[in-house]
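Data block for entry-v8.cif (mmCIF, C-alpha atoms):
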data_work
loop_
_atom_site.label_atom_id
_atom_site.label_comp_id
_atom_site.auth_asym_id
_atom_site.auth_seq_id
_atom_site.Cartn_x
_atom_site.Cartn_y
_atom_site.Cartn_z
CA SER A 1 159.42 60.15 63.02
CA ALA A 2 159.95 63.43 64.88
CA VAL A 3 161.62 64.37 68.14
CA ILE A 4 159.89 67.07 70.13
CA SER A 5 161.08 69.10 73.07
CA GLN A 6 159.05 71.37 75.30
CA LYS A 7 160.01 74.12 77.69
CA PRO A 8 159.43 74.49 80.58
CA SER A 9 158.92 70.94 81.79
CA ARG A 10 156.97 72.23 84.76
CA ASP A 11 156.06 75.48 86.44
CA ILE A 12 154.12 76.79 89.39
CA CYS A 13 152.38 80.07 88.63
CA GLN A 14 150.23 82.51 90.47
CA ARG A 15 146.64 83.20 89.60
CA GLY A 16 146.24 85.99 87.06
CA THR A 17 149.65 85.57 85.42
CA SER A 18 150.49 84.08 82.03
CA LEU A 19 152.85 81.31 80.97
CA THR A 20 154.26 80.66 77.52
CA ILE A 21 155.14 77.08 76.61
CA GLN A 22 157.59 76.43 73.80
CA CYS A 23 157.59 73.46 71.47
CA GLN A 24 160.55 72.64 69.23
CA VAL A 25 160.64 69.90 66.57
CA ASP A 26 163.77 68.42 65.03
CA SER A 27 162.33 68.48 61.52
CA GLN A 28 159.97 70.59 59.50
CA VAL A 29 156.34 69.62 59.97
CA THR A 30 153.12 71.05 58.68
CA MET A 31 150.74 70.25 61.49
CA MET A 32 151.33 70.92 65.15
CA PHE A 33 148.81 70.39 67.90
CA TRP A 34 148.36 71.53 71.47
CA TYR A 35 146.57 69.31 73.98
CA ARG A 36 145.61 69.47 77.62
CA GLN A 37 145.77 66.32 79.70
CA GLN A 38 144.54 65.88 83.20
CA PRO A 39 146.63 63.24 85.01
CA GLY A 40 145.30 59.78 84.22
CA GLN A 41 142.68 61.18 81.89
CA SER A 42 142.19 61.67 78.22
CA LEU A 43 143.67 64.24 75.90
CA THR A 44 141.71 67.34 75.03
CA LEU A 45 142.73 69.08 71.83
CA ILE A 46 143.10 72.82 72.35
CA ALA A 47 144.06 73.90 68.85
CA THR A 48 145.81 73.02 65.61
CA ALA A 49 148.68 75.31 64.67
CA ASN A 50 149.70 75.47 61.03
CA GLN A 51 152.54 77.64 59.83
CA GLY A 52 151.44 80.73 57.98
CA SER A 53 147.86 80.71 59.18
CA GLU A 54 145.82 81.39 62.27
CA ALA A 55 145.49 78.55 64.73
CA THR A 56 142.23 76.63 64.66
CA TYR A 57 140.69 76.32 68.11
CA GLU A 58 138.43 73.57 69.36
CA SER A 59 135.13 74.21 71.03
CA GLY A 60 135.64 75.62 74.50
CA PHE A 61 139.02 77.19 73.77
CA VAL A 62 139.52 80.77 72.63
CA ILE A 63 142.44 82.72 71.27
CA ASP A 64 142.35 85.33 74.02
CA LYS A 65 142.91 82.68 76.65
CA PHE A 66 145.29 80.43 74.68
CA PRO A 67 147.14 82.49 72.06
CA ILE A 68 149.33 80.39 69.80
CA SER A 69 152.22 81.35 67.59
CA ARG A 70 153.69 79.29 64.75
CA PRO A 71 156.48 81.36 63.24
CA ASN A 72 158.08 78.52 61.25
CA LEU A 73 157.83 74.81 60.51
CA THR A 74 159.81 73.68 63.56
CA PHE A 75 158.53 75.85 66.40
CA SER A 76 155.34 76.86 68.17
CA THR A 77 154.31 78.49 71.42
CA LEU A 78 151.17 78.24 73.51
CA THR A 79 150.41 80.92 76.08
CA VAL A 80 148.04 80.26 78.95
CA SER A 81 146.74 83.70 79.86
CA ASN A 82 145.23 85.09 83.02
CA MET A 83 145.60 81.74 84.72
CA SER A 84 143.30 80.29 87.32
CA PRO A 85 143.64 77.07 89.34
CA GLU A 86 141.37 75.37 86.78
CA ASP A 87 144.17 75.75 84.23
CA SER A 88 146.36 73.40 86.25
CA SER A 89 147.08 70.54 83.89
CA ILE A 90 149.65 68.95 81.65
CA TYR A 91 150.01 70.69 78.30
CA LEU A 92 151.26 68.61 75.41
CA CYS A 93 152.62 69.58 72.04
CA SER A 94 152.42 67.08 69.21
CA VAL A 95 153.07 66.92 65.49
CA GLY A 96 151.57 64.87 62.73
CA ALA A 97 154.38 63.11 60.88
CA GLY A 98 155.13 59.93 59.05
CA ASP A 99 153.27 58.50 56.09
CA ARG A 100 150.01 58.27 58.06
CA TYR A 101 150.50 61.52 59.97
CA GLU A 102 150.60 59.66 63.22
CA GLN A 103 151.17 61.74 66.32
CA TYR A 104 154.53 62.36 67.96
CA PHE A 105 154.33 63.97 71.37
CA GLY A 106 156.50 66.21 73.44
CA PRO A 107 157.25 65.35 77.06
CA GLY A 108 154.63 67.77 78.32
CA THR A 109 154.58 70.83 80.56
CA ARG A 110 153.10 70.32 84.00
CA LEU A 111 151.44 73.54 85.08
CA THR A 112 150.22 74.24 88.59
CA VAL A 113 148.33 77.46 89.27
CA THR A 114 148.07 78.59 92.87
CA ALA B 1 130.98 63.29 63.86
CA GLN B 2 133.64 60.78 64.70
CA ARG B 3 133.96 59.25 68.13
CA VAL B 4 136.22 56.79 69.88
CA THR B 5 134.99 54.83 72.86
CA GLN B 6 137.18 52.96 75.31
CA PRO B 7 134.67 51.46 77.69
CA GLU B 8 137.12 50.44 80.39
CA LYS B 9 138.83 53.13 82.41
CA LEU B 10 140.85 50.54 84.27
CA LEU B 11 141.86 46.99 83.41
CA SER B 12 143.64 44.88 85.97
CA VAL B 13 145.17 41.48 85.13
CA PHE B 14 147.83 39.13 86.44
CA LYS B 15 151.12 38.49 84.72
CA GLY B 16 150.79 35.83 82.05
CA ALA B 17 147.06 36.36 81.56
CA PRO B 18 145.63 37.44 78.21
CA VAL B 19 144.66 41.06 77.89
CA GLU B 20 142.24 42.83 75.59
CA LEU B 21 141.76 46.58 75.63
CA LYS B 22 138.58 47.51 73.86
CA CYS B 23 138.16 50.32 71.37
CA ASN B 24 135.05 51.08 69.37
CA TYR B 25 134.66 53.89 66.93
CA SER B 26 131.97 55.67 65.01
CA TYR B 27 132.86 57.04 61.62
CA SER B 28 131.06 56.65 58.33
CA GLY B 29 134.12 56.54 56.06
CA SER B 30 137.39 54.60 56.04
CA PRO B 31 139.20 55.30 59.29
CA GLU B 32 142.84 55.24 60.20
CA LEU B 33 143.22 53.76 63.66
CA PHE B 34 146.08 53.87 66.11
CA TRP B 35 147.00 52.76 69.59
CA TYR B 36 149.18 55.04 71.71
CA VAL B 37 150.77 54.14 75.02
CA GLN B 38 152.06 56.19 77.93
CA TYR B 39 154.30 54.44 80.42
CA SER B 40 154.85 55.97 83.83
CA ARG B 41 156.96 59.15 83.60
CA GLN B 42 157.35 58.78 79.84
CA ARG B 43 155.83 60.66 76.97
CA LEU B 44 152.88 59.44 75.00
CA GLN B 45 154.07 57.37 72.05
CA LEU B 46 152.70 55.46 69.13
CA LEU B 47 152.30 51.74 69.76
CA LEU B 48 150.84 50.51 66.51
CA ARG B 49 148.81 51.46 63.45
CA HIS B 50 146.09 49.37 61.89
CA ILE B 51 147.45 49.98 58.40
CA SER B 52 150.71 48.24 59.28
CA ARG B 53 149.11 45.05 60.60
CA GLU B 54 152.11 44.62 62.83
CA SER B 55 152.83 43.16 66.25
CA ILE B 56 154.62 45.48 68.64
CA LYS B 57 155.82 44.26 72.05
CA GLY B 58 153.52 41.28 71.56
CA PHE B 59 150.46 43.47 71.02
CA THR B 60 148.23 43.18 67.98
CA ALA B 61 145.07 44.99 66.93
CA ASP B 62 142.72 44.08 64.11
CA LEU B 63 140.35 46.49 62.52
CA ASN B 64 136.84 45.02 62.41
CA LYS B 65 134.77 47.27 60.22
CA GLY B 66 131.60 45.25 60.80
CA GLU B 67 131.80 45.77 64.54
CA THR B 68 133.58 49.14 64.22
CA SER B 69 136.19 47.96 66.65
CA PHE B 70 139.96 48.03 66.98
CA HIS B 71 140.68 46.07 70.13
CA LEU B 72 144.25 45.74 71.38
CA LYS B 73 145.28 42.24 72.41
CA LYS B 74 148.20 40.46 73.94
CA PRO B 75 148.16 36.74 74.79
CA PHE B 76 150.42 36.92 77.84
CA ALA B 77 150.62 40.20 79.78
CA GLN B 78 153.88 41.32 81.35
CA GLU B 79 154.38 43.69 84.27
CA GLU B 80 156.12 46.16 81.98
CA ASP B 81 152.91 46.45 79.97
CA SER B 82 151.38 48.46 82.80
CA ALA B 83 150.59 51.83 81.26
CA MET B 84 147.87 54.09 79.94
CA TYR B 85 146.61 53.10 76.49
CA TYR B 86 144.78 55.41 74.13
CA CYS B 87 142.93 54.47 70.97
CA ALA B 88 142.81 57.16 68.28
CA LEU B 89 141.02 57.64 64.98
CA GLN B 90 141.93 59.81 62.03
CA SER B 91 139.40 60.18 59.27
CA GLY B 92 140.47 59.97 55.68
CA GLY B 93 141.80 63.31 54.50
CA SER B 94 141.99 64.79 58.00
CA TYR B 95 145.10 64.53 60.06
CA ILE B 96 143.47 65.66 63.28
CA PRO B 97 143.09 62.68 65.60
CA THR B 98 140.23 61.88 67.90
CA PHE B 99 141.34 60.12 71.06
CA GLY B 100 139.44 57.81 73.36
CA ARG B 101 139.49 58.52 77.07
CA GLY B 102 142.20 55.94 77.67
CA THR B 103 142.42 52.67 79.57
CA SER B 104 144.82 52.20 82.42
CA LEU B 105 146.28 48.69 82.30
CA ILE B 106 147.75 47.30 85.50
CA VAL B 107 149.56 43.98 85.33
CA HIS B 108 150.08 42.41 88.73
CA PRO B 109 153.04 40.08 89.44
#

Translate the structure described by the file into structure tokens.
Amino acid sequence: SAVISQKPSRDICQRGTSLTIQCQVDSQVTMMFWYRQQPGQSLTLIATANQGSEATYESGFVIDKFPISRPNLTFSTLTVSNMSPEDSSIYLCSVGAGDRYEQYFGPGTRLTVT
Amino acid sequence: AQRVTQPEKLLSVFKGAPVELKCNYSYSGSPELFWYVQYSRQRLQLLLRHISRESIKGFTADLNKGETSFHLKKPFAQEEDSAMYYCALQSGGSYIPTFGRGTSLIVHP
């Protein structure tokens, strides 16, 4: 298993600004993921972040809007750039761990853009 | 392309009633299937994996390759089972999961 922490837990930001979300894992993992979750709705994968390589973005998400860093095997950041109210959501970090690479999730960052 | 379908957005039952949360998938190979649960104000967490064939908190799920289903079942629902449940598929060789849209289970007293 893996224990994941995220910072900040929540934030209220103004339109046009950027927010960087940090994700810390208690063990070294190869695969880290960033999701967006609307309350009561499904998870949307933003990108896969592997250490030592560029993040792989899903359709509809671009690096300029959601730059990701993965400097080592225990840490990653997601930046939400030039925010608009449509970016208001919960952002989740997860890792693939265990013998079946099941997902372990962080507590999430609740972002509100005004 | 792989897909996971959870046809029910909301499932409402009374305490003690049986519950079945449906999950169907489309994938041509051998899938790895999971159920995740998110209780109120808690993080999303793994509930069970098909490969383990285990019962967790009274829940079981059987992979039916003929019907491409992985329904989650519990014979007697409890109020503490109220949560959001997500079915997820990982294809062989890929560790990137595909999630269903989730089913909100409400168990009434």

Discussion item. Running the PyMOL selection byres ((chain B and resi 23) around 7) on this model by hand, what would come out? Give it as a PyMOL selection string.
Written reply: chain B and resi 4-6+21-22+24-25+69-71+87

Worksheet item: Which one is closest to chain A: B:Ile51, B:Leu72, B:Val13, B:Val107? Count all atoms listed in the file.
Response: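 Of B:Ile51, B:Leu72, B:Val13, B:Val107, the one nearest chain A is B:Ile51, counting all atoms listed in the file.
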
Discussion item. For stretch 38-42 of chain B, find every residue with an atom within 10 Å (counting all atoms listed in the file), except residues of its own chain fewer than 4 positions away, and show them as a PyMOL selection string.
Written reply: (chain A and resi 40+106-108) or (chain B and resi 46-47+80-86+102+104)

Any chance you can output those residues with C-alpha atoms as a short mmCIF file (atom, residue, chain, number, x, y, z; two decimals), in the coordinates of the input?
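Final output, selection_11.cif:
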data_model
loop_
_atom_site.label_atom_id
_atom_site.label_comp_id
_atom_site.auth_asym_id
_atom_site.auth_seq_id
_atom_site.Cartn_x
_atom_site.Cartn_y
_atom_site.Cartn_z
CA GLY A 40 145.30 59.78 84.22
CA GLY A 106 156.50 66.21 73.44
CA PRO A 107 157.25 65.35 77.06
CA GLY A 108 154.63 67.77 78.32
CA LEU B 46 152.70 55.46 69.13
CA LEU B 47 152.30 51.74 69.76
CA GLU B 80 156.12 46.16 81.98
CA ASP B 81 152.91 46.45 79.97
CA SER B 82 151.38 48.46 82.80
CA ALA B 83 150.59 51.83 81.26
CA MET B 84 147.87 54.09 79.94
CA TYR B 85 146.61 53.10 76.49
CA TYR B 86 144.78 55.41 74.13
CA GLY B 102 142.20 55.94 77.67
CA SER B 104 144.82 52.20 82.42
#

Near-stretch 94-96 of chain A list (12 Å; only C-alpha atoms; drop same-chain fewer than 2 positions) as a PDB file with C-alpha atoms, in the frame of the given file:
ATOM      1  CA  SER A   1     159.420  60.150  63.020  1.00  0.00           C
ATOM      2  CA  ALA A   2     159.950  63.430  64.880  1.00  0.00           C
ATOM      3  CA  VAL A   3     161.620  64.370  68.140  1.00  0.00           C
ATOM      4  CA  ILE A   4     159.890  67.070  70.130  1.00  0.00           C
ATOM      5  CA  SER A   5     161.080  69.100  73.070  1.00  0.00           C
ATOM      6  CA  GLN A   6     159.050  71.370  75.300  1.00  0.00           C
ATOM      7  CA  GLN A  22     157.590  76.430  73.800  1.00  0.00           C
ATOM      8  CA  CYS A  23     157.590  73.460  71.470  1.00  0.00           C
ATOM      9  CA  GLN A  24     160.550  72.640  69.230  1.00  0.00           C
ATOM     10  CA  VAL A  25     160.640  69.900  66.570  1.00  0.00           C
ATOM     11  CA  ASP A  26     163.770  68.420  65.030  1.00  0.00           C
ATOM     12  CA  SER A  27     162.330  68.480  61.520  1.00  0.00           C
ATOM     13  CA  GLN A  28     159.970  70.590  59.500  1.00  0.00           C
ATOM     14  CA  VAL A  29     156.340  69.620  59.970  1.00  0.00           C
ATOM     15  CA  THR A  30     153.120  71.050  58.680  1.00  0.00           C
ATOM     16  CA  MET A  31     150.740  70.250  61.490  1.00  0.00           C
ATOM     17  CA  MET A  32     151.330  70.920  65.150  1.00  0.00           C
ATOM     18  CA  PHE A  33     148.810  70.390  67.900  1.00  0.00           C
ATOM     19  CA  TRP A  34     148.360  71.530  71.470  1.00  0.00           C
ATOM     20  CA  TYR A  35     146.570  69.310  73.980  1.00  0.00           C
ATOM     21  CA  ARG A  36     145.610  69.470  77.620  1.00  0.00           C
ATOM     22  CA  LEU A  43     143.670  64.240  75.900  1.00  0.00           C
ATOM     23  CA  LEU A  45     142.730  69.080  71.830  1.00  0.00           C
ATOM     24  CA  ILE A  46     143.100  72.820  72.350  1.00  0.00           C
ATOM     25  CA  ALA A  47     144.060  73.900  68.850  1.00  0.00           C
ATOM     26  CA  THR A  48     145.810  73.020  65.610  1.00  0.00           C
ATOM     27  CA  ALA A  49     148.680  75.310  64.670  1.00  0.00           C
ATOM     28  CA  ASN A  50     149.700  75.470  61.030  1.00  0.00           C
ATOM     29  CA  LEU A  73     157.830  74.810  60.510  1.00  0.00           C
ATOM     30  CA  THR A  74     159.810  73.680  63.560  1.00  0.00           C
ATOM     31  CA  PHE A  75     158.530  75.850  66.400  1.00  0.00           C
ATOM     32  CA  SER A  76     155.340  76.860  68.170  1.00  0.00           C
ATOM     33  CA  THR A  77     154.310  78.490  71.420  1.00  0.00           C
ATOM     34  CA  TYR A  91     150.010  70.690  78.300  1.00  0.00           C
ATOM     35  CA  LEU A  92     151.260  68.610  75.410  1.00  0.00           C
ATOM     36  CA  GLY A  98     155.130  59.930  59.050  1.00  0.00           C
ATOM     37  CA  ASP A  99     153.270  58.500  56.090  1.00  0.00           C
ATOM     38  CA  ARG A 100     150.010  58.270  58.060  1.00  0.00           C
ATOM     39  CA  TYR A 101     150.500  61.520  59.970  1.00  0.00           C
ATOM     40  CA  GLU A 102     150.600  59.660  63.220  1.00  0.00           C
ATOM     41  CA  GLN A 103     151.170  61.740  66.320  1.00  0.00           C
ATOM     42  CA  TYR A 104     154.530  62.360  67.960  1.00  0.00           C
ATOM     43  CA  PHE A 105     154.330  63.970  71.370  1.00  0.00           C
ATOM     44  CA  GLY A 106     156.500  66.210  73.440  1.00  0.00           C
ATOM     45  CA  PRO A 107     157.250  65.350  77.060  1.00  0.00           C
ATOM     46  CA  GLY A 108     154.630  67.770  78.320  1.00  0.00           C
TER      47      GLY A 108
ATOM     48  CA  ARG B  43     155.830  60.660  76.970  1.00  0.00           C
ATOM     49  CA  LEU B  44     152.880  59.440  75.000  1.00  0.00           C
ATOM     50  CA  GLN B  45     154.070  57.370  72.050  1.00  0.00           C
ATOM     51  CA  LEU B  46     152.700  55.460  69.130  1.00  0.00           C
ATOM     52  CA  GLN B  90     141.930  59.810  62.030  1.00  0.00           C
ATOM     53  CA  SER B  94     141.990  64.790  58.000  1.00  0.00           C
ATOM     54  CA  TYR B  95     145.100  64.530  60.060  1.00  0.00           C
ATOM     55  CA  ILE B  96     143.470  65.660  63.280  1.00  0.00           C
ATOM     56  CA  PRO B  97     143.090  62.680  65.600  1.00  0.00           C
TER      57      PRO B  97
END

Discussion item. Please report the interatomic distance between atom CA of B:Tyr36 and atom CA of B:Phe14 in Å with one decimal.
Written reply: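 Atom CA of B:Phe14 lies 21.7 Å from atom CA of B:Tyr36.
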
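Each of A:Val80, A:Cys93, A:Ile63, A:Ile12 was checked against chain B using all atoms listed in the file; the smallest atom-to-atom distance is that of A:Cys93.
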
Practice prompt. Take atom CA of B:Ala17 and atom CA of B:Asp62 and report the distance between them in Å, one decimal.
Written response: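 About the pair atom CA of B:Ala17 and atom CA of B:Asp62: they are 19.6 Å apart.
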
Worksheet entry | Residue contacts of A:Thr20 (10 Å, only C-alpha atoms) excluding same-chain residues fewer than 5 positions away, as a PyMOL selection string | chain A and resi 7-8+66-68+77-81

Discussion item. On this structure, the PyMOL selection byres ((chain B and resi 77) around 7) would catch which residues? List them as a PyMOL selection string, sorted by chain and number.
Written reply: chain B and resi 15-19+74-76+78-79+81+107

Worksheet item: Using only C-alpha atoms, which of A:Gln37, A:Ser89, A:Ser84, A:Ser69 sits nearest chain B?
Response: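 Using only C-alpha atoms, the shortest distance to chain B belongs to A:Gln37.
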
Worksheet item: What is the atom CA of A:Lys65 to atom CA of A:Arg10 distance in Å?
Response: 19.3 Å

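The smallest atom-to-atom distance between chain B and any of A:Ser53, A:Ser88, A:Asn82, A:Thr109, using all atoms listed in the file, is found for A:Thr109.
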
Just save stretch 90-101 of chain B with all heavy atoms, as a CSV table (one decimal), in the first residue's frame.
chain,number,residue,atom,x,y,z
B,90,GLN,N,-8.4,-2.2,-15.4
B,90,GLN,CA,-7.1,-2.0,-15.9
B,90,GLN,C,-6.8,-3.1,-16.9
B,90,GLN,O,-7.1,-4.3,-16.6
B,90,GLN,CB,-6.1,-2.1,-14.8
B,90,GLN,CG,-6.1,-0.8,-13.9
B,90,GLN,CD,-5.1,-0.9,-12.7
B,90,GLN,OE1,-5.3,-0.2,-11.7
B,90,GLN,NE2,-4.1,-1.7,-12.8
B,91,SER,N,-6.4,-2.8,-18.1
B,91,SER,CA,-6.1,-3.8,-19.1
B,91,SER,C,-4.7,-4.4,-18.8
B,91,SER,O,-3.9,-3.8,-18.2
B,91,SER,CB,-6.1,-3.2,-20.5
B,91,SER,OG,-5.2,-2.1,-20.5
B,92,GLY,N,-4.6,-5.7,-19.2
B,92,GLY,CA,-3.3,-6.4,-19.0
B,92,GLY,C,-2.2,-5.6,-19.6
B,92,GLY,O,-2.2,-5.2,-20.7
B,93,GLY,N,-1.1,-5.4,-18.8
B,93,GLY,CA,0.0,-4.7,-19.3
B,93,GLY,C,0.0,-3.1,-19.1
B,93,GLY,O,1.0,-2.5,-19.3
B,94,SER,N,-1.2,-2.6,-18.9
B,94,SER,CA,-1.3,-1.2,-18.6
B,94,SER,C,-1.8,-0.9,-17.2
B,94,SER,O,-2.7,-1.6,-16.7
B,94,SER,CB,-2.4,-0.6,-19.6
B,94,SER,OG,-2.7,0.8,-19.2
B,95,TYR,N,-1.2,0.0,-16.6
B,95,TYR,CA,-1.6,0.3,-15.2
B,95,TYR,C,-2.4,1.5,-15.1
B,95,TYR,O,-2.5,2.1,-14.0
B,95,TYR,CB,-0.3,0.3,-14.3
B,95,TYR,CG,0.5,-1.0,-14.4
B,95,TYR,CD1,1.7,-1.1,-15.0
B,95,TYR,CD2,-0.1,-2.2,-14.0
B,95,TYR,CE1,2.4,-2.3,-15.1
B,95,TYR,CE2,0.6,-3.4,-14.1
B,95,TYR,CZ,1.8,-3.4,-14.6
B,95,TYR,OH,2.5,-4.6,-14.7
B,96,ILE,N,-2.9,2.0,-16.1
B,96,ILE,CA,-3.7,3.2,-16.1
B,96,ILE,C,-5.2,2.7,-16.1
B,96,ILE,O,-5.7,2.1,-17.0
B,96,ILE,CB,-3.5,4.0,-17.4
B,96,ILE,CG1,-2.0,4.4,-17.5
B,96,ILE,CG2,-4.4,5.2,-17.4
B,96,ILE,CD1,-1.7,5.1,-18.8
B,97,PRO,N,-5.9,3.1,-15.0
B,97,PRO,CA,-7.3,2.6,-14.8
B,97,PRO,C,-8.3,3.4,-15.6
B,97,PRO,O,-8.1,4.6,-15.8
B,97,PRO,CB,-7.5,2.7,-13.3
B,97,PRO,CG,-6.6,3.9,-12.9
B,97,PRO,CD,-5.4,3.8,-13.8
B,98,THR,N,-9.4,2.7,-16.0
B,98,THR,CA,-10.5,3.4,-16.5
B,98,THR,C,-11.6,3.2,-15.5
B,98,THR,O,-12.0,2.1,-15.1
B,98,THR,CB,-11.0,2.7,-17.8
B,98,THR,OG1,-9.9,2.9,-18.8
B,98,THR,CG2,-12.2,3.4,-18.4
B,99,PHE,N,-12.2,4.4,-15.1
B,99,PHE,CA,-13.2,4.3,-14.0
B,99,PHE,C,-14.6,4.5,-14.7
B,99,PHE,O,-14.8,5.2,-15.7
B,99,PHE,CB,-13.0,5.5,-13.1
B,99,PHE,CG,-11.9,5.3,-12.1
B,99,PHE,CD1,-10.6,5.6,-12.4
B,99,PHE,CD2,-12.2,4.7,-10.8
B,99,PHE,CE1,-9.6,5.4,-11.5
B,99,PHE,CE2,-11.2,4.5,-9.9
B,99,PHE,CZ,-9.9,4.8,-10.2
B,100,GLY,N,-15.6,3.9,-14.0
B,100,GLY,CA,-17.0,4.1,-14.3
B,100,GLY,C,-17.4,5.5,-13.7
B,100,GLY,O,-16.6,6.1,-13.0
B,101,ARG,N,-18.6,5.9,-14.0
B,101,ARG,CA,-19.0,7.2,-13.5
B,101,ARG,C,-19.4,7.2,-12.0
B,101,ARG,O,-19.6,8.3,-11.4
B,101,ARG,CB,-20.2,7.7,-14.3
B,101,ARG,CG,-21.5,6.8,-14.1
B,101,ARG,CD,-22.7,7.5,-14.8
B,101,ARG,NE,-23.9,6.8,-14.6
B,101,ARG,CZ,-25.1,7.2,-15.0
B,101,ARG,NH1,-25.2,8.4,-15.5
B,101,ARG,NH2,-26.2,6.5,-14.9
